[in-house]
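Peer 1: Just passing along the structure, written as structure tokens.
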Amino acid sequence: MPDAVLDDPGFLVARERFWSTALTDERFHENRVAVADRGGELAGIAMSGPPLDAGAAWARQLYVLYVIAADHGTGAGAALLSAVVDPEEPVALWVADPNPRAQAFYRKHGFVADGSAQIEGGVREIRMVRAARCRPHAPHM
């Protein structure tokens, strides 16, 4: 994210307003939110919800998945992802480009870039999608 966005004096107020709305407004009751903590301190957060695109081929969209740098590689990201997105659901997300670490994380978890790109808040993003995964069936007895 560009420094200009993070340095904007209204950034924290806007993020507080966003999270208050996302967590309490009935319009977002289908969202799933999970947090990771380490020693009582917030280490990461994830949120998914219904897709914004009316004709989307996926059932959910991953809107947020952040883990503080100190917790990269600990499994916190994978745990957050699985907490907000069921492996049987097709899902899409937008990820900053370039962001090789995040893109590699999503590829490791079955996401592939579908060729779509956009500029959001001055940041170039690419869309990555993951088809529903089938759970193995129990053998018949």
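Ordering of the structure tokens sets the chain letters (A, B, ...), residue numbers begin anew at 1 in every chain, and ligands are numbered from 1 in the order given.
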Leaving out region 102-104 of chain A and any residue of its chain fewer than 6 positions from it, which residues lie within 10 Å of it when counting only C-alpha atoms, given as a PyMOL selection string?
Peer 2: chain A and resi 65-66+77+94-96+110-113+126+128
Peer 1: Show which residues sit within 12 Å of Arg130 (chain A), as a VMD selection string. Count only C-alpha atoms, and ignore same-chain residues fewer than 3 positions away.
Peer 2: chain A and resid 57 to 62 85 to 94 106 to 114 127 133
Peer 1: Using backbone DSSP assignments, extract all strand (DSSP E or B) residues from region 32-116 of chain A; output them as number ranges by chain.
Peer 2: A: 32-38, 41-49, 60-67, 91-96, 112-116
Peer 1: How far is it from CA of Leu42 (chain A) to CA of Val67 (chain A), in Å with one decimal?
Peer 2: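 Distance reported for this atom pair: 8.9 Å.
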Peer 1: Have a look at A:Ala78, A:Ala4, A:Gly49, A:Arg15 and name the one nearest to Val35 (chain A); count only C-alpha atoms.
Peer 2: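 Smallest distance to Val35 (chain A) is found for A:Ala78.
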Peer 1: Please give the complete set of residues from chain A that DSSP, run on the backbone, assigns to helix (DSSP H, G or I), formatted as a PyMOL selection string.
Peer 2: chain A and resi 3-7+11-24+26-28+69-71+76-84+100-108
Peer 1: Within 8 Å of Ala22 (chain A), counting only C-alpha atoms, which residues show up once you throw out same-chain ones fewer than 4 positions away? Write them as a ChimeraX atom specification, please.
Peer 2: /A:18,28,31
Peer 1: Rounded to one decimal, what separation in Å do you get between CA of Val33 (chain A) and CA of Gly75 (chain A)?
Peer 2: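 One can read the CA of Val33 (chain A) to CA of Gly75 (chain A) distance as 17.1 Å.
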